[in-house]
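Coordinates as given in work_19.txt (compact mmCIF, C-alpha atoms and all ligand atoms):
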# COMPACT_ATOMS: atom_id res chain seq x y z
CA MET A 1246 12.52 3.42 -60.66
CA PHE A 1247 11.31 6.37 -58.61
CA THR A 1248 7.94 8.05 -59.05
CA LEU A 1249 6.99 11.30 -57.38
CA ILE A 1250 3.59 10.93 -55.72
CA GLU A 1251 3.17 14.19 -53.83
CA THR A 1252 4.97 17.36 -52.69
CA LYS A 1253 3.68 19.34 -49.75
CA PRO A 1254 5.00 22.28 -47.73
CA VAL A 1255 5.92 21.47 -44.10
CA ALA A 1256 7.68 24.70 -42.99
CA ASP A 1257 9.02 27.91 -44.55
CA ASP A 1258 10.87 26.82 -47.72
CA HIS A 1259 10.75 23.16 -46.61
CA TYR A 1260 8.82 20.48 -48.51
CA LEU A 1261 8.00 16.83 -47.87
CA LEU A 1262 8.22 14.71 -51.00
CA THR A 1263 6.56 11.30 -51.18
CA LEU A 1264 8.12 8.92 -53.68
CA HIS A 1265 7.33 5.41 -54.81
CA CYS A 1266 10.50 3.37 -55.31
CA ASP A 1267 11.58 -0.19 -56.09
CA ALA A 1268 13.96 -0.35 -53.13
CA LYS A 1269 12.25 -1.87 -50.13
CA GLU A 1270 15.10 -1.31 -47.69
CA SER A 1271 17.55 1.41 -46.74
CA ILE A 1272 19.61 2.43 -43.75
CA PRO A 1273 18.99 5.75 -41.97
CA GLY A 1274 21.68 8.19 -43.08
CA GLN A 1275 21.68 6.92 -46.66
CA PHE A 1276 20.65 9.32 -49.41
CA ILE A 1277 19.19 9.44 -52.88
CA ASN A 1278 20.65 11.44 -55.75
CA ILE A 1279 18.16 13.31 -57.95
CA LYS A 1280 18.76 14.50 -61.51
CA VAL A 1281 16.70 17.63 -61.56
CA ASN A 1282 15.78 17.71 -65.23
CA THR A 1283 16.90 16.38 -68.59
CA SER A 1284 18.87 19.54 -69.46
CA THR A 1285 22.43 20.34 -68.34
CA ASP A 1286 21.36 23.04 -65.89
CA PRO A 1287 21.92 21.99 -63.19
CA LEU A 1288 24.27 19.34 -64.54
CA ILE A 1289 25.00 17.29 -61.46
CA ARG A 1290 22.57 15.35 -59.34
CA ARG A 1291 21.40 16.73 -56.01
CA PRO A 1292 21.68 14.51 -52.90
CA PHE A 1293 18.94 14.26 -50.24
CA SER A 1294 18.83 12.13 -47.10
CA ILE A 1295 16.07 9.62 -46.66
CA PHE A 1296 13.59 11.11 -44.20
CA ASP A 1297 11.48 7.94 -43.99
CA HIS A 1298 11.15 4.67 -45.85
CA ASP A 1299 8.54 1.96 -45.50
CA GLN A 1300 8.32 -0.79 -48.11
CA THR A 1301 8.14 1.03 -51.45
CA THR A 1302 7.22 4.44 -50.04
CA MET A 1303 10.06 6.87 -49.40
CA HIS A 1304 9.97 10.42 -48.07
CA ILE A 1305 12.55 13.18 -48.31
CA ILE A 1306 12.57 16.72 -46.96
CA ILE A 1307 13.82 19.47 -49.23
CA ARG A 1308 14.85 22.91 -48.11
CA VAL A 1309 14.83 25.25 -51.08
CA VAL A 1310 18.23 26.95 -51.30
CA GLY A 1311 18.93 27.35 -55.02
CA LYS A 1312 18.13 26.46 -58.59
CA GLY A 1313 18.06 22.67 -58.22
CA THR A 1314 15.93 22.49 -55.10
CA ARG A 1315 13.53 25.11 -56.51
CA GLN A 1316 13.02 22.97 -59.60
CA ILE A 1317 12.61 19.74 -57.62
CA VAL A 1318 9.81 21.06 -55.41
CA ALA A 1319 8.02 22.35 -58.55
CA MET A 1320 8.08 18.92 -60.25
CA HIS A 1321 4.77 17.34 -61.17
CA PRO A 1322 3.91 13.82 -59.99
CA GLY A 1323 5.44 11.18 -62.27
CA PRO A 1324 8.77 9.42 -62.94
CA VAL A 1325 11.92 10.96 -61.42
CA ASP A 1326 15.51 10.28 -62.51
CA CYS A 1327 16.91 9.25 -59.18
CA ILE A 1328 19.50 6.78 -57.89
CA GLY A 1329 19.77 5.26 -54.45
CA PRO A 1330 19.72 4.42 -51.64
CA LEU A 1331 23.41 5.36 -51.62
CA GLY A 1332 26.19 5.76 -49.04
CA LYS A 1333 26.95 4.40 -45.64
CA GLY A 1334 24.30 5.04 -42.98
CA PHE A 1335 24.19 5.16 -39.18
CA SER A 1336 24.69 2.06 -37.06
CA ILE A 1337 21.55 0.94 -35.26
CA VAL A 1338 22.26 0.05 -31.62
CA THR A 1339 19.78 -2.16 -29.75
CA GLY A 1340 18.47 -1.55 -26.25
CA LYS A 1341 20.68 1.48 -25.53
CA LYS A 1342 20.25 5.17 -24.72
CA ALA A 1343 20.89 7.42 -27.70
CA LEU A 1344 21.14 11.18 -27.97
CA LEU A 1345 20.23 12.59 -31.40
CA VAL A 1346 21.34 16.17 -32.09
CA ALA A 1347 20.39 17.92 -35.31
CA GLY A 1348 20.43 21.38 -36.80
CA GLY A 1349 18.21 22.67 -39.60
CA VAL A 1350 17.57 20.31 -42.48
CA GLY A 1351 20.02 17.93 -40.75
CA ASN A 1352 16.95 16.87 -38.79
CA ALA A 1353 15.70 15.02 -41.87
CA PRO A 1354 17.81 11.82 -41.67
CA LEU A 1355 17.52 11.68 -37.88
CA TYR A 1356 13.75 11.15 -38.06
CA TYR A 1357 14.21 7.84 -39.87
CA LEU A 1358 17.06 6.99 -37.50
CA ALA A 1359 14.89 7.71 -34.43
CA LYS A 1360 12.16 5.49 -35.86
CA MET A 1361 14.56 2.58 -36.40
CA LEU A 1362 16.19 3.00 -32.98
CA LYS A 1363 12.81 2.98 -31.27
CA ARG A 1364 11.93 -0.20 -33.15
CA VAL A 1365 14.91 -1.97 -31.52
CA HIS A 1366 14.14 -0.57 -28.05
CA THR A 1367 16.80 2.11 -27.95
CA GLN A 1368 15.60 5.12 -25.98
CA VAL A 1369 15.80 8.30 -28.05
CA THR A 1370 16.52 11.72 -26.57
CA TYR A 1371 16.15 14.20 -29.40
CA ILE A 1372 17.53 17.73 -29.65
CA TYR A 1373 15.88 19.54 -32.55
CA GLY A 1374 17.83 22.66 -33.46
CA ALA A 1375 16.62 25.29 -35.91
CA ARG A 1376 17.26 28.90 -36.72
CA SER A 1377 13.66 29.88 -36.02
CA ALA A 1378 10.23 28.33 -35.28
CA SER A 1379 9.18 28.89 -38.90
CA ASP A 1380 11.95 26.49 -40.08
CA ILE A 1381 10.77 23.61 -37.91
CA PHE A 1382 9.05 20.79 -39.76
CA MET A 1383 6.86 17.98 -38.42
CA LEU A 1384 7.86 18.45 -34.78
CA ASP A 1385 4.98 16.31 -33.48
CA SER A 1386 6.33 13.32 -35.45
CA TYR A 1387 9.70 13.72 -33.73
CA ARG A 1388 8.04 14.07 -30.33
CA GLU A 1389 6.09 10.85 -30.88
CA LEU A 1390 9.32 8.87 -31.38
CA SER A 1391 11.28 10.45 -28.56
CA HIS A 1392 11.47 9.72 -24.86
CA THR A 1393 12.49 13.38 -24.49
CA CYS A 1394 12.45 16.01 -27.25
CA ILE A 1395 14.14 19.37 -26.70
CA VAL A 1396 13.78 22.22 -29.18
CA THR A 1397 16.37 24.95 -29.58
CA THR A 1398 16.12 27.98 -31.85
CA ASP A 1399 18.81 30.54 -32.56
CA ASP A 1400 16.31 33.40 -32.17
CA GLY A 1401 14.41 31.94 -29.19
CA SER A 1402 11.11 31.82 -31.12
CA LEU A 1403 10.47 28.25 -29.88
CA GLY A 1404 12.03 26.16 -27.12
CA MET A 1405 15.41 27.07 -25.65
CA LYS A 1406 17.20 30.07 -27.16
CA GLY A 1407 20.60 29.02 -28.46
CA ASN A 1408 22.17 26.22 -30.40
CA PRO A 1409 21.71 22.48 -29.95
CA VAL A 1410 25.28 21.96 -28.68
CA PHE A 1411 24.45 23.84 -25.44
CA ALA A 1412 21.35 21.71 -24.94
CA ALA A 1413 23.37 18.54 -25.62
CA LYS A 1414 26.07 19.51 -23.09
CA ASP A 1415 23.38 20.27 -20.52
CA ILE A 1416 21.56 16.96 -20.89
CA VAL A 1417 24.77 14.90 -21.02
CA ALA A 1418 25.78 16.44 -17.68
CA LYS A 1419 22.58 15.03 -16.14
CA HIS A 1420 22.04 11.73 -17.99
CA GLU A 1421 24.17 8.96 -19.42
CA PHE A 1422 24.10 8.08 -23.11
CA ASP A 1423 25.69 5.16 -24.96
CA ILE A 1424 25.91 6.91 -28.31
CA VAL A 1425 25.33 10.28 -29.96
CA TYR A 1426 24.15 10.76 -33.55
CA THR A 1427 24.31 14.09 -35.31
CA CYS A 1428 23.58 15.83 -38.60
CA GLY A 1429 23.60 19.53 -39.38
CA PRO A 1430 26.04 22.37 -40.02
CA GLU A 1431 29.65 21.14 -39.76
CA ILE A 1432 30.55 23.78 -37.20
CA MET A 1433 27.81 22.39 -34.95
CA MET A 1434 29.00 18.79 -35.40
CA LYS A 1435 32.62 19.76 -34.82
CA ARG A 1436 31.77 21.52 -31.55
CA LEU A 1437 29.56 18.65 -30.47
CA SER A 1438 32.34 16.11 -31.04
CA GLN A 1439 34.76 18.30 -29.09
CA GLU A 1440 32.36 18.80 -26.17
CA LEU A 1441 31.22 15.17 -25.99
CA SER A 1442 34.50 13.46 -26.86
CA HIS A 1443 33.93 10.81 -24.17
CA ILE A 1444 30.91 9.33 -26.01
CA PRO A 1445 30.89 7.55 -29.41
CA ILE A 1446 29.49 9.99 -31.99
CA GLU A 1447 28.34 9.26 -35.52
CA ALA A 1448 28.03 12.32 -37.77
CA SER A 1449 26.48 12.66 -41.21
CA LEU A 1450 28.57 15.08 -43.30
CA GLU A 1451 26.50 16.82 -45.95
CA ARG A 1452 29.45 17.89 -48.11
CA TYR A 1453 29.09 19.17 -51.67
CA PHE A 1454 28.91 16.16 -53.93
CA GLY A 1455 30.09 15.94 -57.51
CA CYS A 1456 29.33 12.55 -58.98
CA GLY A 1457 27.91 11.04 -55.76
CA ILE A 1458 29.27 7.57 -56.62
CA GLY A 1459 32.92 7.84 -55.59
CA LEU A 1460 34.49 8.70 -58.94
CA CYS A 1461 35.37 12.39 -58.67
CA SER A 1462 36.56 12.64 -55.01
CA GLY A 1463 35.00 16.11 -54.87
CA CYS A 1464 33.59 15.32 -51.42
CA ALA A 1465 36.87 14.26 -49.76
CA VAL A 1466 36.84 14.27 -45.95
CA ALA A 1467 40.11 14.36 -44.00
CA THR A 1468 40.19 11.65 -41.32
CA ILE A 1469 42.85 10.12 -39.09
CA ASN A 1470 42.83 7.23 -41.57
CA GLY A 1471 43.51 9.47 -44.59
CA TYR A 1472 41.06 11.08 -46.99
CA ARG A 1473 37.66 9.42 -47.39
CA ARG A 1474 34.89 10.18 -49.87
CA ALA A 1475 31.70 11.38 -48.17
CA CYS A 1476 29.50 9.93 -50.89
CA ILE A 1477 30.59 6.29 -50.60
CA ASP A 1478 32.68 6.02 -47.40
CA GLY A 1479 30.05 8.22 -45.70
CA PRO A 1480 28.10 10.44 -45.42
CA VAL A 1481 28.09 8.96 -41.90
CA PHE A 1482 31.48 8.93 -40.14
CA ASP A 1483 32.76 8.20 -36.67
CA ALA A 1484 33.07 11.85 -35.61
CA ARG A 1485 36.18 11.09 -33.57
CA THR A 1486 38.07 10.14 -36.75
CA VAL A 1487 37.19 13.34 -38.64
CA LEU A 1488 39.89 16.04 -38.87
CA TRP A 1489 37.39 18.90 -38.79
CA ASP A 1490 39.93 21.67 -39.45
CA THR A 1491 41.77 20.02 -42.35
CA PRO A 1492 40.34 21.02 -45.74
C1 LIG A 1501 24.49 13.46 -48.14
C2 LIG A 1501 23.68 14.72 -48.27
C3 LIG A 1501 22.39 14.73 -47.79
C4 LIG A 1501 21.61 15.89 -47.92
N1 LIG A 1501 20.33 15.85 -47.44
C5 LIG A 1501 19.54 16.90 -47.59
C6 LIG A 1501 18.17 16.84 -47.18
O1 LIG A 1501 17.69 15.85 -46.63
N2 LIG A 1501 17.40 17.94 -47.42
C7 LIG A 1501 17.91 19.07 -48.00
O2 LIG A 1501 17.15 20.03 -48.20
N3 LIG A 1501 19.19 19.16 -48.38
C8 LIG A 1501 20.01 18.10 -48.22
N4 LIG A 1501 21.32 18.17 -48.65
C9 LIG A 1501 21.80 19.42 -49.26
C10 LIG A 1501 21.30 19.49 -50.69
O3 LIG A 1501 21.87 18.46 -51.46
C11 LIG A 1501 21.65 20.85 -51.29
O4 LIG A 1501 20.97 21.85 -50.58
C12 LIG A 1501 21.23 20.91 -52.74
O5 LIG A 1501 22.07 20.07 -53.51
C13 LIG A 1501 21.33 22.34 -53.25
O6 LIG A 1501 20.98 22.34 -54.62
P1 LIG A 1501 20.53 23.70 -55.35
O7 LIG A 1501 20.75 23.50 -56.81
O8 LIG A 1501 19.18 24.10 -54.91
O9 LIG A 1501 21.53 24.74 -54.75
P2 LIG A 1501 22.72 25.52 -55.50
O10 LIG A 1501 22.11 26.48 -56.45
O11 LIG A 1501 23.73 24.51 -55.98
O12 LIG A 1501 23.32 26.27 -54.24
C14 LIG A 1501 22.50 27.20 -53.50
C15 LIG A 1501 23.15 27.49 -52.14
O13 LIG A 1501 23.19 26.31 -51.33
C16 LIG A 1501 24.54 26.02 -50.96
N5 LIG A 1501 24.70 24.57 -51.00
C17 LIG A 1501 24.47 23.75 -52.05
N6 LIG A 1501 24.74 22.46 -51.72
C18 LIG A 1501 25.15 22.47 -50.44
C19 LIG A 1501 25.60 21.48 -49.52
N7 LIG A 1501 25.68 20.17 -49.85
N8 LIG A 1501 25.96 21.87 -48.29
C20 LIG A 1501 25.91 23.16 -47.94
N9 LIG A 1501 25.49 24.15 -48.75
C21 LIG A 1501 25.13 23.81 -49.97
C22 LIG A 1501 25.41 26.75 -52.00
O14 LIG A 1501 26.65 27.14 -51.45
C23 LIG A 1501 24.59 27.97 -52.29
O15 LIG A 1501 24.79 28.97 -51.33
C24 LIG A 1501 22.13 17.05 -48.52
C25 LIG A 1501 23.44 17.04 -49.01
C26 LIG A 1501 24.22 15.90 -48.89
C27 LIG A 1501 25.60 15.88 -49.42
Starting from the file, lay out its structure as structure tokens.
Amino acid sequence: MFTLIETKPVADDHYLLTLHCDAKESIPGQFINIKVNTSTDPLIRRPFSIFDHDQTTMHIIIRVVGKGTRQIVAMHPGPVDCIGPLGKGFSIVTGKKALLVAGGVGNAPLYYLAKMLKRVHTQVTYIYGARSASDIFMLDSYRELSHTCIVTTDDGSLGMKGNPVFAAKDIVAKHEFDIVYTCGPEIMMKRLSQELSHIPIEASLERYFGCGIGLCSGCAVATINGYRRACIDGPVFDARTVLWDTP
């Protein structure tokens, strides 16, 4: 059972939803699948990463991109047809040095990840990538969790001008990291895994989902171990196993 408590804007076209849920535990990188309304339009559920989860309170971030997301952020408080937590999340390493690299709404699952890593004494270096300053949500919360937090924007309106891969390459040249975690546009994650191939990298692949429960294989990901379904074998994958250029 999920109940929507509150929806509030946190950046241009980005909203923070607070939900009450029965599930008391989840793993960063897992997602929930929302049925937007009782009609057939849109027919399929829409997946969203868990932004934060504490006991029975869960938060997600929604960037409005189309019909489904527009309807979700307009919902009134009350029961929501939602399933989850679903999928395979990130591994939580203890007492290490982690580099988190995210682009756009891919920052959402990495907040919860940063929180859990900090809890087990892993030092978090965070690279927050966005197209523009107006797309950046809740930056102070990310800064609070991070040993170092670097912002990059494509248009240079905040932080370093450029994409987060450049910032990641730069910091990896100066500091050692045990693991890299990433979520964002696939082109960004592909380039990151090519540039930092000497470090273990876990990537959350936000592919289009059909059923979201492994039945339709609409979210197939080509890996060195054959095709895997992003919805149940992922969305988090060892980036070094992903065949980024194979459809
Ligand atoms: C595992 C997972 C986690 C996700 N987590 C988040 C999250 O935390 N916050 C968030 O805002 N979004 C997240 N997404 C993306 C989100 O599910 C889609 O944006 C949403 O389903 C779009 O629904 P819509 O009806 O508004 O868009 P539609 O009307 O279906 O499409 C509108 C536009 O968005 C594009 N689009 C739709 N879905 C995707 C997608 N999965 N990837 C890339 N482009 C897409 C379409 O091509 C189209 O241009 C996640 C997706 C996955 C698979």
If the limit is 6 Å from any atom of ligand LIG 1501 (chain A), counting all atoms listed in the file, which residues qualify? Return them as number ranges by chain.
A: 1276, 1291-1294, 1306-1315, 1350, 1353, 1451-1454, 1480
Selection: 12 Å around Arg1388 in chain A, all atoms listed in the file, excl. self and same-chain fewer than 5 positions, as a JSON list (two decimals) with C-alpha atoms, keeping the file's coordinate frame:
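Writing the result to around-v7.json gives the following:
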[["chain", "number", "residue", "atom", "x", "y", "z"],
["A", 1356, "TYR", "CA", 13.75, 11.15, -38.06],
["A", 1359, "ALA", "CA", 14.89, 7.71, -34.43],
["A", 1360, "LYS", "CA", 12.16, 5.49, -35.86],
["A", 1369, "VAL", "CA", 15.80, 8.30, -28.05],
["A", 1370, "THR", "CA", 16.52, 11.72, -26.57],
["A", 1371, "TYR", "CA", 16.15, 14.20, -29.40],
["A", 1372, "ILE", "CA", 17.53, 17.73, -29.65],
["A", 1373, "TYR", "CA", 15.88, 19.54, -32.55],
["A", 1382, "PHE", "CA", 9.05, 20.79, -39.76],
["A", 1383, "MET", "CA", 6.86, 17.98, -38.42],
["A", 1393, "THR", "CA", 12.49, 13.38, -24.49],
["A", 1394, "CYS", "CA", 12.45, 16.01, -27.25],
["A", 1395, "ILE", "CA", 14.14, 19.37, -26.70],
["A", 1396, "VAL", "CA", 13.78, 22.22, -29.18]]
Name all residues at most 8 Å from range 1260-1262 of chain A (count all atoms listed in the file; drop same-chain ones fewer than 5 positions away) and give them as JSON, numbers by chain.
{"A": [1249, 1250, 1251, 1252, 1253, 1254, 1255, 1304, 1305, 1306, 1307, 1308, 1318]}
In the coordinate frame of the file, compute which residues have an atom within 12 Å of (15.4, 5.6, -27.8) when using only C-alpha atoms, and state them as a ChimeraX atom specification.
/A:1337-1345,1355-1356,1358-1371,1387-1394,1422-1426
Between CA of Gly1348 in chain A and CA of Ala1418 in chain A, what is the distance, to one decimal in Å?
20.5 Å
Between A:Ser1336, A:Leu1460, A:Glu1421, A:Val1281, which is the closest to Leu1441 in chain A once you count only C-alpha atoms?
A:Glu1421
CA of Asp1385 in chain A and CA of Leu1437 in chain A, how far apart in Å?
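CA of Asp1385 in chain A lies 24.9 Å from CA of Leu1437 in chain A.
The nearest approach to Leu1331 in chain A among the residues A:Leu1288, A:Ile1277, A:Leu1264, A:Val1346, with only C-alpha atoms taken into account, belongs to A:Ile1277.
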Between CA of Ala1375 in chain A and CA of Phe1482 in chain A, what is the distance, to one decimal in Å?
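CA of Ala1375 in chain A sits 22.5 Å away from CA of Phe1482 in chain A.
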Distance cut-off 7 Å, centre (9.3, 24.6, -40.6) in file coordinates, counting all atoms listed in the file: which residues qualify? Return them as JSON, numbers by chain.
{"A": [1255, 1256, 1257, 1259, 1378, 1379, 1380, 1381, 1382]}
Produce a file of the selected residues containing C-alpha atoms, as a PDB file, in the frame of the given file.
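Written out: out-v7.pdb:
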ATOM      1  CA  VAL A1255       5.920  21.470 -44.100  1.00  0.00           C
ATOM      2  CA  ALA A1256       7.680  24.700 -42.990  1.00  0.00           C
ATOM      3  CA  ASP A1257       9.020  27.910 -44.550  1.00  0.00           C
ATOM      4  CA  HIS A1259      10.750  23.160 -46.610  1.00  0.00           C
ATOM      5  CA  ALA A1378      10.230  28.330 -35.280  1.00  0.00           C
ATOM      6  CA  SER A1379       9.180  28.890 -38.900  1.00  0.00           C
ATOM      7  CA  ASP A1380      11.950  26.490 -40.080  1.00  0.00           C
ATOM      8  CA  ILE A1381      10.770  23.610 -37.910  1.00  0.00           C
ATOM      9  CA  PHE A1382       9.050  20.790 -39.760  1.00  0.00           C
TER      10      PHE A1382
END
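Among the candidates A:Gly1407, A:Gly1323, A:Gly1332, A:Gly1274, the one nearest to Ile1477 in chain A when counting all atoms listed in the file is A:Gly1332.
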Distance query Pro1273 in chain A at most 7 Å, only C-alpha atoms, self and fewer than 6 positions along chain excluded, as JSON, numbers by chain:
{"A": [1295, 1334, 1335, 1354, 1357, 1358]}
Hey, which of A:Ile1432, A:Ser1284, A:Ala1319, A:Thr1263 ends up closest to Phe1296 in chain A? Count all atoms listed in the file.
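Smallest distance to Phe1296 in chain A is found for A:Thr1263.
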Got a sec: who's within 7 Å of range 1463-1470 of chain A, counting all atoms listed in the file, leaving out chain neighbours fewer than 2 positions off, as number ranges by chain?
A: 1452-1455, 1461, 1472-1476, 1486-1488, 1491-1492
